[in-house]
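*Asks:* So here's query05.cif, just mmCIF, C-alpha atoms and all ligand atoms:
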```
data_upload
loop_
_atom_site.group_PDB
_atom_site.id
_atom_site.type_symbol
_atom_site.label_atom_id
_atom_site.label_comp_id
_atom_site.auth_asym_id
_atom_site.auth_seq_id
_atom_site.Cartn_x
_atom_site.Cartn_y
_atom_site.Cartn_z
ATOM 1 C CA MET A 1 5.590 -137.694 -103.205
ATOM 2 C CA ARG A 2 4.553 -137.280 -106.803
ATOM 3 C CA TYR A 3 6.555 -135.381 -109.375
ATOM 4 C CA ALA A 4 5.629 -133.889 -112.717
ATOM 5 C CA VAL A 5 7.862 -132.188 -115.263
ATOM 6 C CA PHE A 6 6.272 -130.013 -117.945
ATOM 7 C CA VAL A 7 8.309 -130.270 -121.151
ATOM 8 C CA THR A 8 7.826 -126.989 -123.012
ATOM 9 C CA GLY A 9 9.366 -125.024 -125.854
ATOM 10 C CA PRO A 10 8.596 -123.916 -129.390
ATOM 11 C CA ALA A 11 7.241 -126.255 -132.044
ATOM 12 C CA GLY A 12 9.874 -128.676 -133.300
ATOM 13 C CA ALA A 13 12.383 -127.882 -130.526
ATOM 14 C CA GLY A 14 12.680 -131.603 -129.775
ATOM 15 C CA LYS A 15 10.300 -131.971 -126.810
ATOM 16 C CA SER A 16 8.845 -135.364 -127.713
ATOM 17 C CA THR A 17 12.266 -136.714 -128.729
ATOM 18 C CA PHE A 18 13.696 -135.503 -125.413
ATOM 19 C CA CYS A 19 10.873 -137.230 -123.492
ATOM 20 C CA SER A 20 11.667 -140.549 -125.186
ATOM 21 C CA ALA A 21 15.412 -140.174 -124.664
ATOM 22 C CA LEU A 22 15.000 -139.321 -120.971
ATOM 23 C CA ILE A 23 12.569 -142.172 -120.331
ATOM 24 C CA SER A 24 14.871 -144.709 -121.915
ATOM 25 C CA HIS A 25 17.854 -143.239 -120.074
ATOM 26 C CA ALA A 26 15.943 -143.546 -116.789
ATOM 27 C CA GLN A 27 15.212 -147.187 -117.584
ATOM 28 C CA THR A 28 18.939 -147.910 -117.801
ATOM 29 C CA MET A 29 19.179 -146.482 -114.265
ATOM 30 C CA LYS A 30 16.278 -148.687 -113.119
ATOM 31 C CA ARG A 31 14.085 -145.643 -112.634
ATOM 32 C CA THR A 32 10.583 -145.357 -113.988
ATOM 33 C CA ILE A 33 9.404 -142.184 -115.649
ATOM 34 C CA HIS A 34 5.889 -142.147 -117.090
ATOM 35 C CA TYR A 35 5.090 -140.406 -120.320
ATOM 36 C CA VAL A 36 2.067 -138.087 -120.401
ATOM 37 C CA ASN A 37 0.900 -136.753 -123.741
ATOM 38 C CA LEU A 38 -0.788 -133.344 -123.651
ATOM 39 C CA ASP A 39 -0.671 -132.817 -127.401
ATOM 40 C CA PRO A 40 -4.142 -133.514 -128.845
ATOM 41 C CA ALA A 41 -2.613 -133.740 -132.327
ATOM 42 C CA ALA A 42 0.250 -136.154 -131.582
ATOM 43 C CA THR A 43 0.243 -139.365 -133.586
ATOM 44 C CA ASN A 44 3.298 -141.542 -133.022
ATOM 45 C CA PHE A 45 4.649 -142.390 -129.613
ATOM 46 C CA ASP A 46 7.905 -144.132 -128.735
ATOM 47 C CA TYR A 47 6.414 -144.947 -125.330
ATOM 48 C CA GLN A 48 2.796 -145.707 -124.697
ATOM 49 C CA PRO A 49 1.452 -142.689 -122.774
ATOM 50 C CA ALA A 50 0.321 -143.379 -119.221
ATOM 51 C CA VAL A 51 -2.113 -140.514 -119.718
ATOM 52 C CA ASP A 52 -3.096 -139.273 -123.169
ATOM 53 C CA ILE A 53 -5.231 -136.177 -123.770
ATOM 54 C CA LYS A 54 -6.404 -137.819 -126.987
ATOM 55 C CA ASP A 55 -8.420 -140.271 -124.892
ATOM 56 C CA LEU A 56 -10.440 -137.232 -123.820
ATOM 57 C CA ILE A 57 -10.352 -135.041 -126.896
ATOM 58 C CA ASN A 58 -8.754 -135.155 -130.298
ATOM 59 C CA LEU A 59 -7.711 -132.099 -132.336
ATOM 60 C CA GLU A 60 -8.771 -133.669 -135.624
ATOM 61 C CA ASP A 61 -12.347 -134.144 -134.376
ATOM 62 C CA VAL A 62 -12.495 -130.591 -133.031
ATOM 63 C CA MET A 63 -11.315 -129.175 -136.352
ATOM 64 C CA GLU A 64 -13.736 -131.303 -138.311
ATOM 65 C CA GLU A 65 -16.827 -130.984 -136.144
ATOM 66 C CA LEU A 66 -16.441 -127.452 -134.818
ATOM 67 C CA GLU A 67 -14.637 -126.061 -137.850
ATOM 68 C CA PHE A 68 -11.718 -124.673 -135.865
ATOM 69 C CA GLY A 69 -8.281 -124.095 -137.370
ATOM 70 C CA PRO A 70 -5.320 -125.970 -135.819
ATOM 71 C CA ASN A 71 -4.408 -123.275 -133.262
ATOM 72 C CA GLY A 72 -7.930 -122.325 -132.231
ATOM 73 C CA GLY A 73 -8.677 -126.045 -132.064
ATOM 74 C CA LEU A 74 -5.743 -126.602 -129.732
ATOM 75 C CA VAL A 75 -6.916 -123.852 -127.396
ATOM 76 C CA TYR A 76 -10.400 -125.405 -127.468
ATOM 77 C CA CYS A 77 -8.923 -128.826 -126.521
ATOM 78 C CA PHE A 78 -7.147 -127.309 -123.503
ATOM 79 C CA GLU A 79 -10.238 -125.432 -122.383
ATOM 80 C CA TYR A 80 -12.113 -128.713 -122.664
ATOM 81 C CA LEU A 81 -9.470 -130.459 -120.580
ATOM 82 C CA LEU A 82 -9.673 -127.751 -117.916
ATOM 83 C CA ASN A 83 -13.448 -128.150 -117.824
ATOM 84 C CA ASN A 84 -13.039 -131.899 -117.358
ATOM 85 C CA LEU A 85 -10.328 -132.081 -114.743
ATOM 86 C CA ASP A 86 -12.059 -134.983 -113.003
ATOM 87 C CA TRP A 87 -11.122 -137.041 -116.069
ATOM 88 C CA LEU A 88 -7.479 -136.104 -115.527
ATOM 89 C CA ASP A 89 -7.680 -136.817 -111.786
ATOM 90 C CA GLU A 90 -9.022 -140.259 -112.531
ATOM 91 C CA GLU A 91 -6.297 -140.961 -115.080
ATOM 92 C CA LEU A 92 -3.630 -139.807 -112.642
ATOM 93 C CA GLY A 93 -5.222 -141.565 -109.712
ATOM 94 C CA SER A 94 -3.378 -144.831 -110.085
ATOM 95 C CA PHE A 95 0.061 -143.270 -109.844
ATOM 96 C CA GLU A 96 1.785 -142.938 -106.493
ATOM 97 C CA ASP A 97 5.379 -142.061 -105.807
ATOM 98 C CA ASP A 98 5.756 -141.432 -109.437
ATOM 99 C CA TYR A 99 7.502 -139.251 -111.874
ATOM 100 C CA LEU A 100 5.615 -137.928 -114.881
ATOM 101 C CA LEU A 101 7.100 -136.315 -117.948
ATOM 102 C CA ILE A 102 4.412 -134.151 -119.534
ATOM 103 C CA ASP A 103 4.945 -133.536 -123.233
ATOM 104 C CA CYS A 104 3.273 -130.208 -124.098
ATOM 105 C CA PRO A 105 2.389 -128.706 -127.451
ATOM 106 C CA GLY A 106 4.668 -125.888 -128.657
ATOM 107 C CA GLN A 107 2.147 -123.060 -129.110
ATOM 108 C CA ILE A 108 3.111 -120.088 -126.961
ATOM 109 C CA GLU A 109 -0.507 -118.985 -126.571
ATOM 110 C CA LEU A 110 -1.055 -121.875 -124.179
ATOM 111 C CA TYR A 111 1.378 -120.257 -121.736
ATOM 112 C CA THR A 112 0.996 -116.567 -122.190
ATOM 113 C CA HIS A 113 -1.993 -115.212 -124.108
ATOM 114 C CA ILE A 114 -4.467 -117.560 -122.471
ATOM 115 C CA PRO A 115 -2.838 -119.069 -119.395
ATOM 116 C CA LEU A 116 -4.142 -122.603 -119.873
ATOM 117 C CA LEU A 117 -1.002 -124.490 -118.877
ATOM 118 C CA PRO A 118 -0.511 -122.360 -115.723
ATOM 119 C CA ARG A 119 -4.058 -123.296 -114.684
ATOM 120 C CA LEU A 120 -3.351 -126.961 -115.284
ATOM 121 C CA LEU A 121 -0.162 -126.695 -113.276
ATOM 122 C CA SER A 122 -1.988 -125.124 -110.315
ATOM 123 C CA HIS A 123 -4.513 -127.936 -110.429
ATOM 124 C CA LEU A 124 -1.796 -130.587 -110.246
ATOM 125 C CA GLN A 125 -0.221 -128.838 -107.253
ATOM 126 C CA SER A 126 -3.446 -128.500 -105.327
ATOM 127 C CA GLY A 127 -6.108 -130.655 -103.701
ATOM 128 C CA ASN A 128 -5.590 -134.384 -103.525
ATOM 129 C CA LEU A 129 -2.977 -134.465 -106.246
ATOM 130 C CA GLN A 130 -0.205 -132.473 -104.542
ATOM 131 C CA PHE A 131 2.367 -132.848 -107.287
ATOM 132 C CA ARG A 132 5.777 -131.287 -107.039
ATOM 133 C CA ILE A 133 6.193 -129.547 -110.348
ATOM 134 C CA SER A 134 9.015 -128.289 -112.474
ATOM 135 C CA ALA A 135 9.381 -127.401 -116.124
ATOM 136 C CA VAL A 136 12.007 -127.591 -118.802
ATOM 137 C CA TYR A 137 12.107 -125.237 -121.759
ATOM 138 C CA LEU A 138 13.859 -126.435 -124.896
ATOM 139 C CA LEU A 139 15.466 -124.042 -127.327
ATOM 140 C CA GLU A 140 17.224 -125.363 -130.412
ATOM 141 C CA SER A 141 20.977 -124.883 -130.384
ATOM 142 C CA GLN A 142 20.960 -124.028 -134.072
ATOM 143 C CA PHE A 143 18.686 -121.146 -133.219
ATOM 144 C CA ALA A 144 21.422 -119.542 -131.186
ATOM 145 C CA GLN A 145 24.216 -120.431 -133.536
ATOM 146 C CA ALA A 146 22.594 -119.054 -136.643
ATOM 147 C CA ASP A 147 21.167 -115.759 -135.532
ATOM 148 C CA LYS A 148 21.645 -113.716 -132.369
ATOM 149 C CA ALA A 149 18.304 -111.951 -132.753
ATOM 150 C CA LYS A 150 16.611 -115.368 -132.771
ATOM 151 C CA PHE A 151 18.461 -116.242 -129.600
ATOM 152 C CA PHE A 152 17.127 -113.079 -127.963
ATOM 153 C CA ALA A 153 13.627 -113.999 -129.074
ATOM 154 C CA GLY A 154 14.113 -117.528 -127.714
ATOM 155 C CA VAL A 155 15.339 -116.276 -124.334
ATOM 156 C CA MET A 156 12.422 -113.857 -124.079
ATOM 157 C CA SER A 157 9.919 -116.623 -124.802
ATOM 158 C CA ALA A 158 11.643 -118.882 -122.233
ATOM 159 C CA MET A 159 11.384 -116.072 -119.689
ATOM 160 C CA SER A 160 7.766 -115.463 -120.507
ATOM 161 C CA CYS A 161 7.018 -119.177 -120.096
ATOM 162 C CA MET A 162 8.864 -119.296 -116.778
ATOM 163 C CA LEU A 163 7.095 -116.245 -115.392
ATOM 164 C CA SER A 164 3.678 -117.481 -116.423
ATOM 165 C CA LEU A 165 4.159 -121.060 -115.160
ATOM 166 C CA GLY A 166 5.613 -119.801 -111.894
ATOM 167 C CA CYS A 167 7.529 -122.977 -111.086
ATOM 168 C CA GLY A 168 11.221 -123.889 -111.169
ATOM 169 C CA MET A 169 12.296 -124.096 -114.783
ATOM 170 C CA LEU A 170 15.400 -125.458 -116.444
ATOM 171 C CA CYS A 171 16.358 -124.147 -119.886
ATOM 172 C CA LEU A 172 17.904 -126.686 -122.216
ATOM 173 C CA MET A 173 19.732 -126.065 -125.430
ATOM 174 C CA SER A 174 18.512 -128.984 -127.487
ATOM 175 C CA LYS A 175 19.931 -130.840 -130.509
ATOM 176 C CA MET A 176 23.537 -130.260 -129.452
ATOM 177 C CA ASP A 177 24.493 -133.245 -131.611
ATOM 178 C CA LEU A 178 23.742 -131.105 -134.672
ATOM 179 C CA ILE A 179 25.914 -128.168 -133.728
ATOM 180 C CA LYS A 180 28.673 -127.377 -136.134
ATOM 181 C CA GLY A 181 31.823 -125.422 -135.282
ATOM 182 C CA PRO A 182 32.264 -121.981 -136.890
ATOM 183 C CA ALA A 183 34.612 -123.356 -139.540
ATOM 184 C CA GLY A 184 31.964 -125.833 -140.604
ATOM 185 C CA GLY A 185 33.448 -128.747 -138.668
ATOM 186 C CA THR A 186 31.224 -131.525 -137.463
ATOM 187 C CA GLY A 187 31.608 -130.668 -133.821
ATOM 188 C CA LYS A 188 32.820 -134.197 -133.155
ATOM 189 C CA GLY A 189 36.155 -134.785 -131.469
ATOM 190 C CA PRO A 190 38.135 -132.501 -129.171
ATOM 191 C CA GLN A 191 38.912 -129.846 -131.820
ATOM 192 C CA GLY A 192 35.317 -129.598 -132.913
ATOM 193 C CA ARG A 193 34.144 -129.460 -129.317
ATOM 194 C CA LYS A 194 36.613 -126.671 -128.570
ATOM 195 C CA LYS A 195 35.291 -124.590 -131.459
ATOM 196 C CA ILE A 196 31.740 -125.170 -130.324
ATOM 197 C CA GLY A 197 32.746 -124.279 -126.802
ATOM 198 C CA LYS A 198 33.844 -120.853 -128.002
ATOM 199 C CA GLU A 199 30.845 -120.264 -130.215
ATOM 200 C CA ILE A 200 28.002 -121.632 -128.134
ATOM 201 C CA GLY A 201 29.495 -121.260 -124.661
ATOM 202 C CA ARG A 202 28.503 -117.640 -124.533
ATOM 203 C CA TYR A 203 24.896 -118.689 -124.923
ATOM 204 C CA LEU A 204 25.012 -121.544 -122.471
ATOM 205 C CA ASP A 205 26.347 -119.335 -119.685
ATOM 206 C CA THR A 206 24.823 -116.256 -121.231
ATOM 207 C CA ASP A 207 27.912 -114.037 -121.097
ATOM 208 C CA THR A 208 25.948 -110.867 -121.601
ATOM 209 C CA THR A 209 28.898 -108.654 -122.595
ATOM 210 C CA LEU A 210 29.773 -110.944 -125.482
ATOM 211 C CA LEU A 211 26.121 -111.355 -126.330
ATOM 212 C CA LEU A 212 25.691 -107.609 -126.592
ATOM 213 C CA GLU A 213 28.796 -107.299 -128.782
ATOM 214 C CA ASP A 214 27.455 -109.982 -131.110
ATOM 215 C CA ALA A 215 24.025 -108.451 -131.319
ATOM 216 C CA ASN A 216 25.382 -104.958 -131.943
ATOM 217 C CA LYS A 217 27.590 -106.237 -134.769
ATOM 218 C CA GLN A 218 24.532 -107.633 -136.482
ATOM 219 C CA THR A 219 22.116 -104.777 -136.022
ATOM 220 C CA ASN A 220 21.674 -101.191 -137.090
ATOM 221 C CA PRO A 221 23.147 -98.765 -134.466
ATOM 222 C CA ARG A 222 19.719 -97.361 -133.802
ATOM 223 C CA PHE A 223 18.812 -100.684 -132.164
ATOM 224 C CA HIS A 224 21.833 -100.766 -129.837
ATOM 225 C CA ALA A 225 19.951 -99.212 -126.938
ATOM 226 C CA LEU A 226 17.239 -101.834 -127.382
ATOM 227 C CA ASN A 227 19.893 -104.580 -127.447
ATOM 228 C CA GLN A 228 21.290 -103.207 -124.204
ATOM 229 C CA ALA A 229 17.837 -103.176 -122.604
ATOM 230 C CA ILE A 230 17.208 -106.810 -123.621
ATOM 231 C CA VAL A 231 20.626 -107.888 -122.371
ATOM 232 C CA ASN A 232 19.902 -106.151 -119.050
ATOM 233 C CA LEU A 233 16.657 -108.086 -118.834
ATOM 234 C CA ILE A 234 18.481 -111.374 -119.480
ATOM 235 C CA GLU A 235 21.016 -110.432 -116.811
ATOM 236 C CA ASP A 236 18.326 -109.566 -114.277
ATOM 237 C CA HIS A 237 16.773 -112.979 -114.832
ATOM 238 C CA SER A 238 20.064 -114.815 -114.506
ATOM 239 C CA ILE A 239 17.999 -117.992 -114.209
ATOM 240 C CA VAL A 240 17.899 -118.062 -117.971
ATOM 241 C CA SER A 241 21.093 -119.937 -118.615
ATOM 242 C CA PHE A 242 21.079 -122.984 -120.772
ATOM 243 C CA LEU A 243 22.176 -126.499 -120.056
ATOM 244 C CA PRO A 244 23.323 -128.328 -123.194
ATOM 245 C CA LEU A 245 21.199 -131.313 -124.162
ATOM 246 C CA ASP A 246 22.734 -133.939 -126.416
ATOM 247 C CA ILE A 247 20.391 -136.909 -126.474
ATOM 248 C CA THR A 248 23.079 -139.049 -128.100
ATOM 249 C CA ASN A 249 25.260 -138.657 -124.995
ATOM 250 C CA GLU A 250 24.339 -140.506 -121.785
ATOM 251 C CA ASP A 251 26.406 -138.102 -119.644
ATOM 252 C CA SER A 252 24.385 -135.196 -120.962
ATOM 253 C CA LEU A 253 21.127 -136.994 -120.120
ATOM 254 C CA THR A 254 22.434 -137.861 -116.643
ATOM 255 C CA SER A 255 23.283 -134.228 -116.024
ATOM 256 C CA VAL A 256 19.905 -132.966 -117.301
ATOM 257 C CA LEU A 257 17.989 -135.505 -115.207
ATOM 258 C CA SER A 258 19.893 -134.650 -112.067
ATOM 259 C CA HIS A 259 19.235 -130.932 -112.613
ATOM 260 C CA ILE A 260 15.510 -131.629 -113.016
ATOM 261 C CA ASP A 261 15.567 -133.810 -109.883
ATOM 262 C CA HIS A 262 17.294 -131.032 -108.007
ATOM 263 C CA THR A 263 14.668 -128.466 -109.074
ATOM 264 C CA MET A 264 11.970 -130.615 -107.430
ATOM 265 C CA GLN A 265 14.097 -131.933 -104.575
ATOM 266 C CA TYR A 266 13.364 -135.376 -105.921
ATOM 267 C CA GLY A 267 14.131 -138.159 -103.494
ATOM 268 C CA GLU A 268 14.988 -135.886 -100.571
ATOM 269 C CA ASP A 269 11.934 -136.949 -98.588
ATOM 270 C CA GLU A 270 12.327 -140.652 -99.337
ATOM 271 C CA GLU A 271 12.812 -142.955 -96.397
ATOM 272 C CA PRO A 272 16.121 -144.818 -96.697
ATOM 273 C CA LYS A 273 15.362 -148.316 -97.941
ATOM 274 C CA ALA A 274 16.510 -151.220 -95.800
ATOM 275 C CA PRO A 275 18.683 -153.801 -97.562
ATOM 276 C CA GLU A 276 16.471 -156.733 -98.530
ATOM 277 C CA ASP A 277 18.559 -159.387 -96.853
ATOM 278 C CA LEU A 278 21.066 -158.238 -94.271
ATOM 279 C CA ASP A 279 22.192 -161.747 -93.342
ATOM 280 C CA GLY A 280 22.730 -163.429 -96.641
ATOM 281 C CA GLY A 281 23.460 -160.495 -98.951
ATOM 282 C CA ASP A 282 26.770 -159.754 -100.598
ATOM 283 C CA PHE A 283 27.138 -155.991 -100.470
ATOM 284 C CA GLY A 284 30.426 -155.969 -102.342
ATOM 285 C CA GLY A 285 32.365 -154.432 -99.455
ATOM 286 C CA ASP A 286 33.668 -155.332 -96.034
ATOM 287 C CA GLY A 287 32.087 -152.463 -94.121
ATOM 288 C CA ASP A 288 29.576 -153.047 -91.336
ATOM 289 C CA ALA A 289 25.997 -153.371 -92.528
ATOM 290 C CA GLU A 290 24.144 -151.599 -89.764
HETATM 291 N N1 LIG B 301 19.593 -134.519 -134.524
HETATM 292 C C1 LIG B 301 18.609 -134.331 -133.638
HETATM 293 N N2 LIG B 301 17.337 -134.224 -134.087
HETATM 294 C C2 LIG B 301 16.364 -134.038 -133.181
HETATM 295 C C3 LIG B 301 16.635 -133.963 -131.791
HETATM 296 N N3 LIG B 301 15.470 -133.776 -131.153
HETATM 297 C C4 LIG B 301 14.514 -133.746 -132.104
HETATM 298 N N4 LIG B 301 15.033 -133.900 -133.320
HETATM 299 C C5 LIG B 301 14.299 -133.884 -134.600
HETATM 300 O O1 LIG B 301 13.582 -132.666 -134.675
HETATM 301 C C6 LIG B 301 12.257 -132.880 -135.172
HETATM 302 C C7 LIG B 301 11.215 -132.397 -134.174
HETATM 303 O O2 LIG B 301 11.346 -133.177 -133.006
HETATM 304 P P1 LIG B 301 10.133 -133.394 -131.991
HETATM 305 O O3 LIG B 301 10.676 -134.173 -130.846
HETATM 306 O O4 LIG B 301 8.940 -133.919 -132.690
HETATM 307 O O5 LIG B 301 9.864 -131.893 -131.572
HETATM 308 P P2 LIG B 301 8.672 -131.348 -130.666
HETATM 309 O O6 LIG B 301 9.243 -130.196 -129.893
HETATM 310 O O7 LIG B 301 8.056 -132.448 -129.897
HETATM 311 O O8 LIG B 301 7.668 -130.797 -131.783
HETATM 312 P P3 LIG B 301 6.119 -130.408 -131.587
HETATM 313 O O9 LIG B 301 5.495 -131.437 -130.716
HETATM 314 O O10 LIG B 301 5.608 -130.419 -132.991
HETATM 315 O O11 LIG B 301 6.106 -129.043 -130.994
HETATM 316 C C8 LIG B 301 12.162 -134.385 -135.480
HETATM 317 O O12 LIG B 301 12.460 -134.568 -136.835
HETATM 318 C C9 LIG B 301 13.251 -134.983 -134.607
HETATM 319 O O13 LIG B 301 13.779 -136.169 -135.165
HETATM 320 C C10 LIG B 301 18.004 -134.076 -131.356
HETATM 321 O O14 LIG B 301 18.346 -134.003 -130.168
HETATM 322 N N5 LIG B 301 18.932 -134.258 -132.329
HETATM 323 MG MG MG B 302 6.035 -133.127 -129.789
#
```
Any chance you could put this one into C-alpha cells?
Ligand SMILES: Nc1nc2c(ncn2[C@@H]2O[C@H](COP(=O)(O)OP(=O)(O)OP(=O)(O)O)[C@@H](O)[C@H]2O)c(=O)[nH]1
Ligand SMILES: [Mg+2]
*Replies:*
Amino acid sequence: MRYAVFVTGPAGAGKSTFCSALISHAQTMKRTIHYVNLDPAATNFDYQPAVDIKDLINLEDVMEELEFGPNGGLVYCFEYLLNNLDWLDEELGSFEDDYLLIDCPGQIELYTHIPLLPRLLSHLQSGNLQFRISAVYLLESQFAQADKAKFFAGVMSAMSCMLSLGCGMLCLMSKMDLIKGPAGGTGKGPQGRKKIGKEIGRYLDTDTTLLLEDANKQTNPRFHALNQAIVNLIEDHSIVSFLPLDITNEDSLTSVLSHIDHTMQYGEDEEPKAPEDLDGGDFGGDGDAE
C-alpha cells in the first residue's frame, strides 16, 4: 500500500514547517515519511524532497519567460504538471509501501476556482499508482484567537477545500505554541494552558452556540441571521473540528500523526512481521513467542 497526505492551507499557515516537524518526529519512531514539494516557488528545504516539482518546472522561469504574475504563473505550473503526469509517475515509481507528505502551495485557486489539486489527487488514486490519500488543512491558531470573522472565513475555506478534494481531511490549528491566554499570558504552564483552553477550546471543538454568541457580539445586528446561517453550515459539516498542532510538543505530533494514519487506515493491511530471530532473541518478557 502507498499513502499520500496533501498538506494544504492558506499561505504562511505553517505547512512546510509542519512537514519538517512531522518527518523528523516520524524518524524518532523509526518510520520513514518522504517529503514531496509541490510548490514551484519554494527555495529552502529542511529535508531533501523525494519528488520536487521544480525539477519539472520553476515559477521563476515561467514568470520571466512567459511574463506571468506569481499567481497566474503558479496556475500555469500546475497545468504543466497535469499535462506531464508521466514525469510524476516516473518520479513516484521507485516508492513502494511508502508514505508521502505532499507540501502544497497556499493559493486557494488551486483547489476551488480551477480544480488542479483535485485532478492531481484523482490521478494518484487511479491506474498503477493506487495511492491511499488524505489531506490536512492548517489554519493558524492566532487567526481564531484574534478575530471571529476570520475564523469563520478560515472554516469556510477549509470546508471548500475538503469538498473539492473529496478525500478524508483533518483540520489542524497550527502554531499553538504562539497562542497567548486572554490576559496576555504566555500560554505556558498549567494556568496559561487553562486560559487557552477556555479561549480556544470553543474553536477546537467548534461549540457552535458559543461561536455564534462571539460572532454576534462583534458584528452589527443586521448580520446576525448571516452568522446563524454560517454556524448552521459549520454544524452540518461537523467534520470541521480542529486538532491542535504544537510542533514543539512531541505528544501533539504523535496525536496528529495517528489521526492522519487513521484517516487512511495506515498499517491495517500490513502482514504481521515475524520476529527476526525467534530462538536467540530477547523479547524483554517471559511470554510464549509463538
Ligand atoms: N512559532 C511558530 N512559527 C511557525 C510555526 N509554523 C510555521 N511558523 C512560521 O511561520 C512562517 C510560515 O511558515 P511556513 O511553514 O513557511 O508556512 P507555509 O504554510 O509553508 O507557507 P507558504 O508555503 O508560503 O504557503 C515561518 O516564518 C515559520 O517559521 C509554528 O508551529 N510555530
Ligand atoms: Mg510552504
*Asks:* Take the PyMOL selection byres (((chain A and resi 157) around 10) and not hetatm), apply it to the structure above, and return the hits as a PyMOL selection string.
*Replies:* chain A and resi 9-10+108+111-112+137+139+151-156+158-163
*Asks:* Starting from the PyMOL selection byres (((chain A and resi 174) around 9) and not hetatm), expand the selection into actual residues of this file and give them as a list in words.
*Replies:*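 Answer for the PyMOL selection byres (((chain A and resi 174) around 9) and not hetatm): Ala13, Gly14, Lys15, Phe18, Leu138, Leu139, Glu140, Ser141, Gln142, Leu172, Met173, Lys175, Met176, Asp177, Leu243, Pro244, Leu245, Asp246 and Ile247 of chain A.
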*Asks:* Here is a test: counting all atoms listed in the file, which residue of A:Phe45, A:Leu178, A:Arg132, A:Asp86 is nearest to ligand LIG 301 (chain B)?
*Replies:*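 The answer is A:Leu178, which sits nearest to ligand LIG 301 (chain B).
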*Asks:* If you count only C-alpha atoms and all ligand atoms, which residues end up within 7 Å of ligand MG 302 (chain B), as a list in words?
*Replies:* Gly12, Gly14, Lys15, Ser16, Ala42, Asp103, Cys104 and Pro105 of chain A
*Asks:* Hey, can you check how far atom CA of Gly69 of chain A sits from atom CA of Asp89 of chain A?
*Replies:*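 Spanning atom CA of Gly69 of chain A to atom CA of Asp89 of chain A is a straight-line distance of 28.6 Å.
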*Asks:* Suppose you want the space between atom CA of Val7 of chain A and atom C8 of ligand LIG 301 (chain B); what is it in Å?
*Replies:*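 Distance reported for this atom pair: 15.4 Å.
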